Amino acid sequence: NGLKKYFPITGGIFGKKQGEVKAVDDVSFYVKKGETLGIVGESGCGKSTTGRLLIRLIEASDGTIIFEDKEITSLSKSELRKTRRDIQMVFQDPYASLNPRHSVEQILEEPLIVHGIGTPEERRKQVKEMLEVVGLCSYHAKRYPHQFSGGQRQRIGIAKALMTKPKLIIADEPVSALDVSIQAQVLNLMKDIQREFQLTYIFIAHDLGVVRHISDRVGVMYLGRLIELAESEELYENPKHPYTKALLSAVPVPDPDVKRETILIEGELPSPANPPTGCAFHTRCSYVMEICKTTRPEETNLNGHFAACHLYNE
Ligand code: SF4
Ligand code: MG
C-alpha cells in the first residue's frame, strides 16, 4: 500500500546526493490467495524493484506491505526470517541465483537448513522428491548447475523456491532468459505446481504475451507507477490506458482474421531520474491534453478495471 522506493543518485568525489530515482512511486495493489497477479512493463519501470520490496530484499522508502495478517514492513529480522519461509522468489537468471560450487542437493537443502527444517536424512529425501516434482531425476542431485541447460536450471530455481513449502512465490521474469520453446514448458510447470501446492503467484514480466495465460489479473507499470490493473481477459480485450493499448498493439495476434492497428509509442523512455511532470506518459501519449502535463492522474475505477489516466477522470 503506497509503496515507494527512491534511490539516491550520488556523484563527485564526495559522493554527494544529487537527486533521486523514483524507482517505485506510490504503488498499491493486492493479491488474492491462490491467484496469479501479472506485473508487466518495460525494463526500468520498477517491476523488479517492486518484487524485491515485497520480501524486503531491499527496504521501501515508504508504504506498507501486509502478508496475511502480518505487516512485513515492521517485522524484526528474526520475524522476517520466519515469514520468508512463506514467501519465496524465483529469479530471471537461474545461473546467477544458483551457487556454481554447490551441488543441486546442497542448493536445495540450503533453505531447509536456514529454517531448521528436518533431519539431514529427511532433507535429502525431500530434495529427491522435489527434483521429481519439477521434472528432473533424483540422480541429478549430485550434479552442479553448469551441467544443466537453461530450462533445467530454472527448474532447479523453482525447486529451491518450493523447498520451504511457501504460500506466495514472486517470480521475476522466470522465463525471459529461456528459448521460446522452453518458455512454455516452464510456464506449464509453474501452472501445475501452483495447483498442486496451492500457491499464489506474483509473476513479473516485460512481455504481455507471457503473462496473459498464467495471470488472473494483470497490472501494467510505467516509470515507477502502476498505470492500469484489470482481470487478465478484460485487460487484453479492452485496454484503457493509452500505454497499455500501445504495448498490446505490438503483441502479434495469432489469428489472421483479427487485424490490429499497431500504435507506435513516440520518443524514448524518459529517464526515471527525471520523469515527466503530471502523467509520466504524457511525453509519448497521442491523446495528451493540457492537464496531463501538470497533474498526475488518479486511478479511476471502471467496474473493477483500474486506469490512471485523465481520459477517464470526470
Ligand atoms: Fe495520455 Fe493524458 Fe492519459 Fe497520460 S493522462 S495516458 S498523457 S491521456
Ligand atoms: Mg527486471
# chains A, B, ... in the order shown; residues from 1 in each chain; ligands from 1
>>> residues_near_ligand(ligand="ligand 1", cutoff="12 Å", atoms="only C-alpha atoms and all ligand atoms", output="PyMOL selection string")
chain A and resi 222+225-228+239-246+265-266+276-300+307-313
>>> write_last_selection(atoms="N, CA and C atoms", output="short mmCIF file (atom, residue, chain, number, x, y, z; two decimals), in the first residue's frame")
data_model
loop_
_atom_site.label_atom_id
_atom_site.label_comp_id
_atom_site.auth_asym_id
_atom_site.auth_seq_id
_atom_site.Cartn_x
_atom_site.Cartn_y
_atom_site.Cartn_z
N TYR A 222 4.56 1.79 -15.45
CA TYR A 222 5.30 2.71 -16.32
C TYR A 222 6.01 3.72 -15.43
N ARG A 225 5.21 3.64 -11.72
CA ARG A 225 3.81 3.71 -11.31
C ARG A 225 2.99 2.59 -11.93
N LEU A 226 1.97 2.19 -11.18
CA LEU A 226 1.03 1.21 -11.70
C LEU A 226 -0.03 2.01 -12.44
N ILE A 227 -0.11 1.84 -13.76
CA ILE A 227 -1.00 2.72 -14.52
C ILE A 227 -2.30 2.04 -14.94
N GLU A 228 -2.32 0.73 -14.87
CA GLU A 228 -3.57 0.02 -15.20
C GLU A 228 -3.56 -1.34 -14.52
N PRO A 239 -8.22 -2.82 -23.25
CA PRO A 239 -7.27 -1.98 -22.50
C PRO A 239 -7.75 -0.53 -22.49
N LYS A 240 -7.51 0.15 -21.40
CA LYS A 240 -7.99 1.53 -21.25
C LYS A 240 -6.87 2.55 -21.39
N HIS A 241 -5.75 2.28 -20.76
CA HIS A 241 -4.67 3.27 -20.72
C HIS A 241 -3.95 3.30 -22.08
N PRO A 242 -3.68 4.50 -22.59
CA PRO A 242 -3.00 4.59 -23.89
C PRO A 242 -1.68 3.81 -23.94
N TYR A 243 -0.97 3.75 -22.82
CA TYR A 243 0.30 2.99 -22.82
C TYR A 243 0.03 1.50 -22.99
N THR A 244 -0.94 0.97 -22.26
CA THR A 244 -1.28 -0.45 -22.39
C THR A 244 -1.76 -0.75 -23.82
N LYS A 245 -2.57 0.15 -24.36
CA LYS A 245 -3.06 -0.04 -25.73
C LYS A 245 -1.89 -0.16 -26.70
N ALA A 246 -0.90 0.71 -26.52
CA ALA A 246 0.25 0.69 -27.41
C ALA A 246 1.07 -0.59 -27.22
N ILE A 265 4.68 3.93 -30.00
CA ILE A 265 4.93 4.81 -28.86
C ILE A 265 6.04 5.76 -29.31
N GLU A 266 5.72 7.03 -29.29
CA GLU A 266 6.69 8.01 -29.78
C GLU A 266 7.78 8.26 -28.74
N PRO A 276 8.80 12.87 -16.46
CA PRO A 276 7.95 14.00 -16.82
C PRO A 276 6.99 14.36 -15.68
N THR A 277 6.59 15.62 -15.62
CA THR A 277 5.60 16.05 -14.63
C THR A 277 4.23 15.51 -15.03
N GLY A 278 3.29 15.64 -14.13
CA GLY A 278 1.91 15.22 -14.44
C GLY A 278 1.83 13.74 -14.70
N CYS A 279 1.22 13.36 -15.81
CA CYS A 279 1.21 11.96 -16.21
C CYS A 279 2.58 11.62 -16.80
N ALA A 280 3.24 10.61 -16.23
CA ALA A 280 4.60 10.28 -16.67
C ALA A 280 4.65 9.85 -18.14
N PHE A 281 3.50 9.48 -18.69
CA PHE A 281 3.45 9.02 -20.08
C PHE A 281 3.17 10.17 -21.07
N HIS A 282 3.00 11.40 -20.55
CA HIS A 282 2.47 12.46 -21.44
C HIS A 282 3.41 12.82 -22.59
N THR A 283 4.73 12.58 -22.40
CA THR A 283 5.67 12.92 -23.48
C THR A 283 5.55 11.96 -24.67
N ARG A 284 4.86 10.84 -24.49
CA ARG A 284 4.78 9.85 -25.56
C ARG A 284 3.36 9.52 -25.96
N CYS A 285 2.40 10.18 -25.33
CA CYS A 285 1.00 9.78 -25.49
C CYS A 285 0.34 10.56 -26.63
N SER A 286 -0.38 9.86 -27.50
CA SER A 286 -1.02 10.56 -28.62
C SER A 286 -2.35 11.21 -28.20
N TYR A 287 -2.81 10.93 -26.98
CA TYR A 287 -4.05 11.54 -26.51
C TYR A 287 -3.79 12.72 -25.55
N VAL A 288 -2.54 13.12 -25.46
CA VAL A 288 -2.15 14.07 -24.40
C VAL A 288 -3.01 15.35 -24.42
N MET A 289 -3.40 15.78 -23.21
CA MET A 289 -4.18 17.02 -23.05
C MET A 289 -3.37 17.95 -22.14
N GLU A 290 -3.83 19.19 -22.01
CA GLU A 290 -3.09 20.14 -21.18
C GLU A 290 -2.93 19.64 -19.74
N ILE A 291 -4.01 19.14 -19.17
CA ILE A 291 -3.99 18.71 -17.76
C ILE A 291 -2.95 17.60 -17.52
N CYS A 292 -2.70 16.81 -18.57
CA CYS A 292 -1.76 15.68 -18.44
C CYS A 292 -0.34 16.15 -18.12
N LYS A 293 -0.02 17.37 -18.57
CA LYS A 293 1.34 17.87 -18.39
C LYS A 293 1.60 18.36 -16.98
N THR A 294 0.54 18.67 -16.25
CA THR A 294 0.73 19.27 -14.93
C THR A 294 0.21 18.41 -13.79
N THR A 295 -0.80 17.60 -14.03
CA THR A 295 -1.47 16.92 -12.92
C THR A 295 -1.38 15.41 -13.07
N ARG A 296 -0.90 14.80 -12.01
CA ARG A 296 -0.80 13.35 -12.04
C ARG A 296 -2.20 12.73 -12.00
N PRO A 297 -2.52 11.84 -12.93
CA PRO A 297 -3.87 11.27 -12.91
C PRO A 297 -4.06 10.28 -11.76
N GLU A 298 -5.17 10.41 -11.08
CA GLU A 298 -5.52 9.44 -10.04
C GLU A 298 -6.05 8.18 -10.71
N GLU A 299 -5.97 7.05 -10.01
CA GLU A 299 -6.54 5.87 -10.65
C GLU A 299 -8.06 5.89 -10.56
N THR A 300 -8.69 5.58 -11.68
CA THR A 300 -10.14 5.59 -11.77
C THR A 300 -10.61 4.14 -11.81
N ALA A 307 -7.59 2.35 -14.11
CA ALA A 307 -6.69 3.03 -15.04
C ALA A 307 -6.36 4.41 -14.48
N ALA A 308 -5.08 4.76 -14.53
CA ALA A 308 -4.65 6.08 -14.08
C ALA A 308 -4.42 6.94 -15.31
N CYS A 309 -5.47 7.61 -15.76
CA CYS A 309 -5.40 8.40 -17.00
C CYS A 309 -6.51 9.43 -16.98
N HIS A 310 -6.18 10.65 -17.38
CA HIS A 310 -7.18 11.74 -17.35
C HIS A 310 -8.33 11.51 -18.32
N LEU A 311 -8.16 10.63 -19.29
CA LEU A 311 -9.24 10.35 -20.22
C LEU A 311 -10.46 9.80 -19.49
N TYR A 312 -10.21 9.17 -18.35
CA TYR A 312 -11.31 8.51 -17.63
C TYR A 312 -11.72 9.24 -16.36
N ASN A 313 -11.09 10.39 -16.11
CA ASN A 313 -11.49 11.17 -14.94
C ASN A 313 -12.66 12.07 -15.33
#
>>> select_by_dssp(residues="range 175-216 of chain A", states="strand (DSSP E or B)", output="list in words")
Thr200, Tyr201, Ile202, Phe203, Ile204 and Ala205 of chain A
>>> residues_around(residues="Asp93 in chain A", least_positions_apart="2", cutoff="9 Å", atoms="only C-alpha atoms", output="ChimeraX atom specification")
/A:90-91,95-98,150,153-154,173-177
>>> closest_atom_pairs(of="chain A", to="ligand 2", cutoff="12 Å", atoms="only C-alpha atoms and all ligand atoms", output="CSV")
residue,atom,partner,partner_atom_place_in_ligand_line,distance
A:Ala23,CA,ligand 2,1 (Mg),11.4
A:Ile39,CA,ligand 2,1 (Mg),10.9
A:Val40,CA,ligand 2,1 (Mg),9.9
A:Gly41,CA,ligand 2,1 (Mg),9.3
A:Glu42,CA,ligand 2,1 (Mg),8.7
A:Ser43,CA,ligand 2,1 (Mg),6.0
A:Gly44,CA,ligand 2,1 (Mg),7.0
A:Cys45,CA,ligand 2,1 (Mg),8.4
A:Gly46,CA,ligand 2,1 (Mg),7.5
A:Lys47,CA,ligand 2,1 (Mg),6.4
A:Ser48,CA,ligand 2,1 (Mg),4.4
A:Thr49,CA,ligand 2,1 (Mg),7.4
A:Thr50,CA,ligand 2,1 (Mg),9.6
A:Gly51,CA,ligand 2,1 (Mg),9.2
A:Arg52,CA,ligand 2,1 (Mg),10.0
A:Phe91,CA,ligand 2,1 (Mg),9.2
A:Gln92,CA,ligand 2,1 (Mg),7.9
A:Asp93,CA,ligand 2,1 (Mg),10.4
A:Ala171,CA,ligand 2,1 (Mg),10.5
A:Asp172,CA,ligand 2,1 (Mg),6.7
A:Glu173,CA,ligand 2,1 (Mg),7.0
A:Pro174,CA,ligand 2,1 (Mg),10.3
A:Val175,CA,ligand 2,1 (Mg),12.0
A:Ser176,CA,ligand 2,1 (Mg),9.9
A:Ala177,CA,ligand 2,1 (Mg),11.4
A:Phe203,CA,ligand 2,1 (Mg),11.5
A:Ile204,CA,ligand 2,1 (Mg),8.0
A:Ala205,CA,ligand 2,1 (Mg),7.8
A:His206,CA,ligand 2,1 (Mg),8.0
A:Asp207,CA,ligand 2,1 (Mg),11.5
A:Met221,CA,ligand 2,1 (Mg),11.9
>>> write_last_selection(atoms="N, CA and C atoms", output="mmCIF file, in the first residue's frame")
data_model
loop_
_atom_site.group_PDB
_atom_site.id
_atom_site.type_symbol
_atom_site.label_atom_id
_atom_site.label_comp_id
_atom_site.auth_asym_id
_atom_site.auth_seq_id
_atom_site.Cartn_x
_atom_site.Cartn_y
_atom_site.Cartn_z
ATOM 1 N N ALA A 23 12.162 4.824 -8.320
ATOM 2 C CA ALA A 23 12.039 3.521 -8.992
ATOM 3 C C ALA A 23 10.635 2.959 -8.824
ATOM 4 N N ILE A 39 2.596 -8.692 -13.388
ATOM 5 C CA ILE A 39 3.012 -7.289 -13.415
ATOM 6 C C ILE A 39 3.927 -7.110 -14.617
ATOM 7 N N VAL A 40 3.522 -6.243 -15.535
ATOM 8 C CA VAL A 40 4.309 -6.064 -16.763
ATOM 9 C C VAL A 40 4.730 -4.614 -16.952
ATOM 10 N N GLY A 41 5.754 -4.450 -17.756
ATOM 11 C CA GLY A 41 6.248 -3.116 -18.093
ATOM 12 C C GLY A 41 7.633 -3.230 -18.700
ATOM 13 N N GLU A 42 8.076 -2.136 -19.334
ATOM 14 C CA GLU A 42 9.410 -2.124 -19.940
ATOM 15 C C GLU A 42 10.480 -2.199 -18.860
ATOM 16 N N SER A 43 11.717 -2.510 -19.271
ATOM 17 C CA SER A 43 12.775 -2.554 -18.266
ATOM 18 C C SER A 43 12.956 -1.152 -17.694
ATOM 19 N N GLY A 44 13.191 -1.100 -16.390
ATOM 20 C CA GLY A 44 13.336 0.185 -15.721
ATOM 21 C C GLY A 44 12.026 0.771 -15.220
ATOM 22 N N CYS A 45 10.922 0.041 -15.352
ATOM 23 C CA CYS A 45 9.634 0.598 -14.914
ATOM 24 C C CYS A 45 9.392 0.377 -13.428
ATOM 25 N N GLY A 46 10.263 -0.411 -12.784
ATOM 26 C CA GLY A 46 10.132 -0.613 -11.332
ATOM 27 C C GLY A 46 9.481 -1.923 -10.944
ATOM 28 N N LYS A 47 9.240 -2.796 -11.918
ATOM 29 C CA LYS A 47 8.538 -4.039 -11.580
ATOM 30 C C LYS A 47 9.404 -4.981 -10.749
ATOM 31 N N SER A 48 10.689 -5.119 -11.091
ATOM 32 C CA SER A 48 11.563 -5.980 -10.289
ATOM 33 C C SER A 48 11.789 -5.385 -8.897
ATOM 34 N N THR A 49 11.955 -4.071 -8.851
ATOM 35 C CA THR A 49 12.135 -3.420 -7.552
ATOM 36 C C THR A 49 10.911 -3.672 -6.678
ATOM 37 N N THR A 50 9.730 -3.582 -7.259
ATOM 38 C CA THR A 50 8.507 -3.860 -6.508
ATOM 39 C C THR A 50 8.551 -5.270 -5.928
ATOM 40 N N GLY A 51 8.933 -6.241 -6.745
ATOM 41 C CA GLY A 51 9.023 -7.630 -6.279
ATOM 42 C C GLY A 51 9.986 -7.765 -5.106
ATOM 43 N N ARG A 52 11.122 -7.118 -5.212
ATOM 44 C CA ARG A 52 12.132 -7.210 -4.155
ATOM 45 C C ARG A 52 11.707 -6.503 -2.879
ATOM 46 N N PHE A 91 14.075 -16.189 -9.746
ATOM 47 C CA PHE A 91 14.717 -15.089 -10.456
ATOM 48 C C PHE A 91 14.826 -15.347 -11.952
ATOM 49 N N GLN A 92 15.129 -14.273 -12.675
ATOM 50 C CA GLN A 92 15.233 -14.355 -14.129
ATOM 51 C C GLN A 92 16.366 -15.273 -14.564
ATOM 52 N N ASP A 93 17.520 -15.056 -13.946
ATOM 53 C CA ASP A 93 18.697 -15.785 -14.393
ATOM 54 C C ASP A 93 19.031 -16.872 -13.382
ATOM 55 N N ALA A 171 7.836 -14.358 -8.857
ATOM 56 C CA ALA A 171 8.691 -14.815 -9.951
ATOM 57 C C ALA A 171 9.044 -13.614 -10.820
ATOM 58 N N ASP A 172 10.335 -13.264 -10.835
ATOM 59 C CA ASP A 172 10.780 -12.085 -11.572
ATOM 60 C C ASP A 172 11.335 -12.512 -12.931
ATOM 61 N N GLU A 173 10.547 -12.384 -13.950
ATOM 62 C CA GLU A 173 10.909 -12.767 -15.320
ATOM 63 C C GLU A 173 11.484 -14.189 -15.378
ATOM 64 N N PRO A 174 10.762 -15.167 -14.835
ATOM 65 C CA PRO A 174 11.325 -16.514 -14.712
ATOM 66 C C PRO A 174 11.612 -17.203 -16.045
ATOM 67 N N VAL A 175 10.985 -16.743 -17.127
ATOM 68 C CA VAL A 175 11.235 -17.422 -18.407
ATOM 69 C C VAL A 175 11.890 -16.506 -19.440
ATOM 70 N N SER A 176 12.197 -15.275 -19.054
ATOM 71 C CA SER A 176 12.705 -14.309 -20.047
ATOM 72 C C SER A 176 14.045 -14.710 -20.641
ATOM 73 N N ALA A 177 14.857 -15.447 -19.875
ATOM 74 C CA ALA A 177 16.185 -15.805 -20.373
ATOM 75 C C ALA A 177 16.171 -17.112 -21.160
ATOM 76 N N PHE A 203 3.727 -12.600 -10.776
ATOM 77 C CA PHE A 203 4.510 -13.007 -11.936
ATOM 78 C C PHE A 203 4.921 -11.757 -12.706
ATOM 79 N N ILE A 204 6.221 -11.452 -12.653
ATOM 80 C CA ILE A 204 6.731 -10.224 -13.263
ATOM 81 C C ILE A 204 7.305 -10.533 -14.641
ATOM 82 N N ALA A 205 6.952 -9.727 -15.634
ATOM 83 C CA ALA A 205 7.470 -9.959 -16.990
ATOM 84 C C ALA A 205 7.472 -8.666 -17.783
ATOM 85 N N HIS A 206 8.319 -8.585 -18.813
ATOM 86 C CA HIS A 206 8.253 -7.415 -19.684
ATOM 87 C C HIS A 206 7.373 -7.710 -20.893
ATOM 88 N N ASP A 207 6.983 -8.953 -21.030
ATOM 89 C CA ASP A 207 6.281 -9.409 -22.209
ATOM 90 C C ASP A 207 4.814 -9.690 -21.868
ATOM 91 N N MET A 221 2.969 -1.413 -15.343
ATOM 92 C CA MET A 221 3.740 -0.334 -14.715
ATOM 93 C C MET A 221 4.436 0.517 -15.771
#
>>> select_by_dssp(residues="range 133-272 of chain A", states="alpha helix (DSSP H)", output="PyMOL selection string")
chain A and resi 133+150-162+180-197+208-212+232-237+242-249
>>> closest_residue(among="A:Leu229, A:Pro145, A:Ala60, A:Pro270", to="Pro100 in chain A", atoms="only C-alpha atoms")
A:Pro145
>>> residues_around(residues="range 116-131 of chain A", least_positions_apart="6", cutoff="7 Å", atoms="only C-alpha atoms", output="PyMOL selection string")
chain A and resi 105+108-109+137-138+159
>>> closest_residue(among="A:Lys4, A:Gln185, A:Val220, A:Thr164", to="Phe197 in chain A", atoms="only C-alpha atoms")
A:Thr164
>>> atom_distance(atom1="CA of Val104 in chain A", atom2="CA of Ala141 in chain A")
4.9 Å
>>> closest_atom_pairs(of="range 4-60 of chain A", to="range 208-215 of chain A", cutoff="7 Å", atoms="only C-alpha atoms", output="JSON lines")
{"residue": "A:Thr36", "atom": "CA", "partner": "A:Ser215", "partner_atom": "CA", "distance": 4.8}
{"residue": "A:Leu37", "atom": "CA", "partner": "A:Ser215", "partner_atom": "CA", "distance": 5.5}
{"residue": "A:Gly38", "atom": "CA", "partner": "A:Ser215", "partner_atom": "CA", "distance": 5.4}
{"residue": "A:Val40", "atom": "CA", "partner": "A:Leu208", "partner_atom": "CA", "distance": 6.5}
>>> decode(residues="range 15-108 of chain A", atoms="C-alpha atoms", output="JSON list (two decimals), in the first residue's frame")
[["chain", "number", "residue", "atom", "x", "y", "z"],
["A", 15, "GLY", "CA", 29.50, 11.06, -3.26],
["A", 16, "LYS", "CA", 27.16, 13.97, -2.64],
["A", 17, "LYS", "CA", 23.49, 13.28, -3.22],
["A", 18, "GLN", "CA", 22.49, 14.89, -6.49],
["A", 19, "GLY", "CA", 18.95, 13.70, -6.83],
["A", 20, "GLU", "CA", 16.92, 10.54, -6.70],
["A", 21, "VAL", "CA", 15.40, 7.91, -8.91],
["A", 22, "LYS", "CA", 11.80, 7.19, -8.06],
["A", 23, "ALA", "CA", 12.04, 3.52, -8.99],
["A", 24, "VAL", "CA", 8.70, 2.74, -7.36],
["A", 25, "ASP", "CA", 6.44, 5.70, -6.78],
["A", 26, "ASP", "CA", 3.28, 5.13, -4.79],
["A", 27, "VAL", "CA", 2.19, 1.68, -5.91],
["A", 28, "SER", "CA", -0.76, -0.13, -4.29],
["A", 29, "PHE", "CA", -2.30, -3.48, -5.11],
["A", 30, "TYR", "CA", -3.47, -6.72, -3.52],
["A", 31, "VAL", "CA", -3.11, -10.38, -4.44],
["A", 32, "LYS", "CA", -5.79, -12.90, -3.58],
["A", 33, "LYS", "CA", -4.88, -16.30, -2.19],
["A", 34, "GLY", "CA", -4.40, -18.81, -5.00],
["A", 35, "GLU", "CA", -4.41, -16.31, -7.83],
["A", 36, "THR", "CA", -1.68, -15.11, -10.16],
["A", 37, "LEU", "CA", -1.12, -11.42, -10.48],
["A", 38, "GLY", "CA", 0.97, -10.49, -13.51],
["A", 39, "ILE", "CA", 3.01, -7.29, -13.41],
["A", 40, "VAL", "CA", 4.31, -6.06, -16.76],
["A", 41, "GLY", "CA", 6.25, -3.12, -18.09],
["A", 42, "GLU", "CA", 9.41, -2.12, -19.94],
["A", 43, "SER", "CA", 12.78, -2.55, -18.27],
["A", 44, "GLY", "CA", 13.34, 0.19, -15.72],
["A", 45, "CYS", "CA", 9.63, 0.60, -14.91],
["A", 46, "GLY", "CA", 10.13, -0.61, -11.33],
["A", 47, "LYS", "CA", 8.54, -4.04, -11.58],
["A", 48, "SER", "CA", 11.56, -5.98, -10.29],
["A", 49, "THR", "CA", 12.14, -3.42, -7.55],
["A", 50, "THR", "CA", 8.51, -3.86, -6.51],
["A", 51, "GLY", "CA", 9.02, -7.63, -6.28],
["A", 52, "ARG", "CA", 12.13, -7.21, -4.15],
["A", 53, "LEU", "CA", 10.48, -4.68, -1.86],
["A", 54, "LEU", "CA", 7.70, -7.14, -1.07],
["A", 55, "ILE", "CA", 10.05, -9.54, 0.69],
["A", 56, "ARG", "CA", 12.37, -6.80, 1.91],
["A", 57, "LEU", "CA", 15.35, -7.86, -0.15],
["A", 58, "ILE", "CA", 15.51, -4.08, -0.39],
["A", 59, "GLU", "CA", 13.82, -1.74, 2.05],
["A", 60, "ALA", "CA", 10.96, 0.50, 0.95],
["A", 61, "SER", "CA", 11.29, 4.28, 1.31],
["A", 62, "ASP", "CA", 7.62, 4.43, 2.26],
["A", 63, "GLY", "CA", 4.46, 2.36, 2.28],
["A", 64, "THR", "CA", 3.24, -0.81, 3.97],
["A", 65, "ILE", "CA", 3.27, -4.46, 2.94],
["A", 66, "ILE", "CA", 0.79, -6.81, 4.55],
["A", 67, "PHE", "CA", 1.03, -10.58, 4.13],
["A", 68, "GLU", "CA", -1.91, -12.46, 5.62],
["A", 69, "ASP", "CA", -2.27, -10.53, 8.88],
["A", 70, "LYS", "CA", 1.38, -9.54, 9.27],
["A", 71, "GLU", "CA", 2.78, -6.20, 8.40],
["A", 72, "ILE", "CA", 6.06, -7.18, 6.76],
["A", 73, "THR", "CA", 7.43, -3.64, 6.82],
["A", 74, "SER", "CA", 7.68, -3.57, 10.61],
["A", 75, "LEU", "CA", 8.91, -7.13, 11.29],
["A", 76, "SER", "CA", 12.19, -7.63, 13.13],
["A", 77, "LYS", "CA", 14.99, -9.56, 11.39],
["A", 78, "SER", "CA", 14.09, -12.84, 13.12],
["A", 79, "GLU", "CA", 10.36, -12.47, 12.47],
["A", 80, "LEU", "CA", 11.13, -11.61, 8.88],
["A", 81, "ARG", "CA", 13.19, -14.78, 8.51],
["A", 82, "LYS", "CA", 10.18, -16.85, 9.61],
["A", 83, "THR", "CA", 7.92, -15.10, 7.13],
["A", 84, "ARG", "CA", 10.42, -15.73, 4.34],
["A", 85, "ARG", "CA", 9.54, -19.40, 4.60],
["A", 86, "ASP", "CA", 6.14, -18.44, 3.24],
["A", 87, "ILE", "CA", 7.32, -16.09, 0.52],
["A", 88, "GLN", "CA", 9.95, -17.17, -1.96],
["A", 89, "MET", "CA", 11.42, -15.69, -5.11],
["A", 90, "VAL", "CA", 12.26, -17.19, -8.48],
["A", 91, "PHE", "CA", 14.72, -15.09, -10.46],
["A", 92, "GLN", "CA", 15.23, -14.36, -14.13],
["A", 93, "ASP", "CA", 18.70, -15.78, -14.39],
["A", 94, "PRO", "CA", 18.78, -19.14, -12.65],
["A", 95, "TYR", "CA", 22.51, -19.41, -13.30],
["A", 96, "ALA", "CA", 23.27, -16.29, -11.29],
["A", 97, "SER", "CA", 21.00, -17.36, -8.44],
["A", 98, "LEU", "CA", 22.48, -20.86, -8.04],
["A", 99, "ASN", "CA", 25.86, -21.21, -6.35],
["A", 100, "PRO", "CA", 28.12, -22.78, -9.03],
["A", 101, "ARG", "CA", 30.29, -24.54, -6.41],
["A", 102, "HIS", "CA", 27.35, -26.28, -4.77],
["A", 103, "SER", "CA", 25.72, -29.46, -6.00],
["A", 104, "VAL", "CA", 21.99, -29.40, -6.65],
["A", 105, "GLU", "CA", 21.50, -31.31, -3.44],
["A", 106, "GLN", "CA", 23.34, -28.65, -1.44],
["A", 107, "ILE", "CA", 21.46, -25.87, -3.23],
["A", 108, "LEU", "CA", 18.07, -27.37, -2.49]]
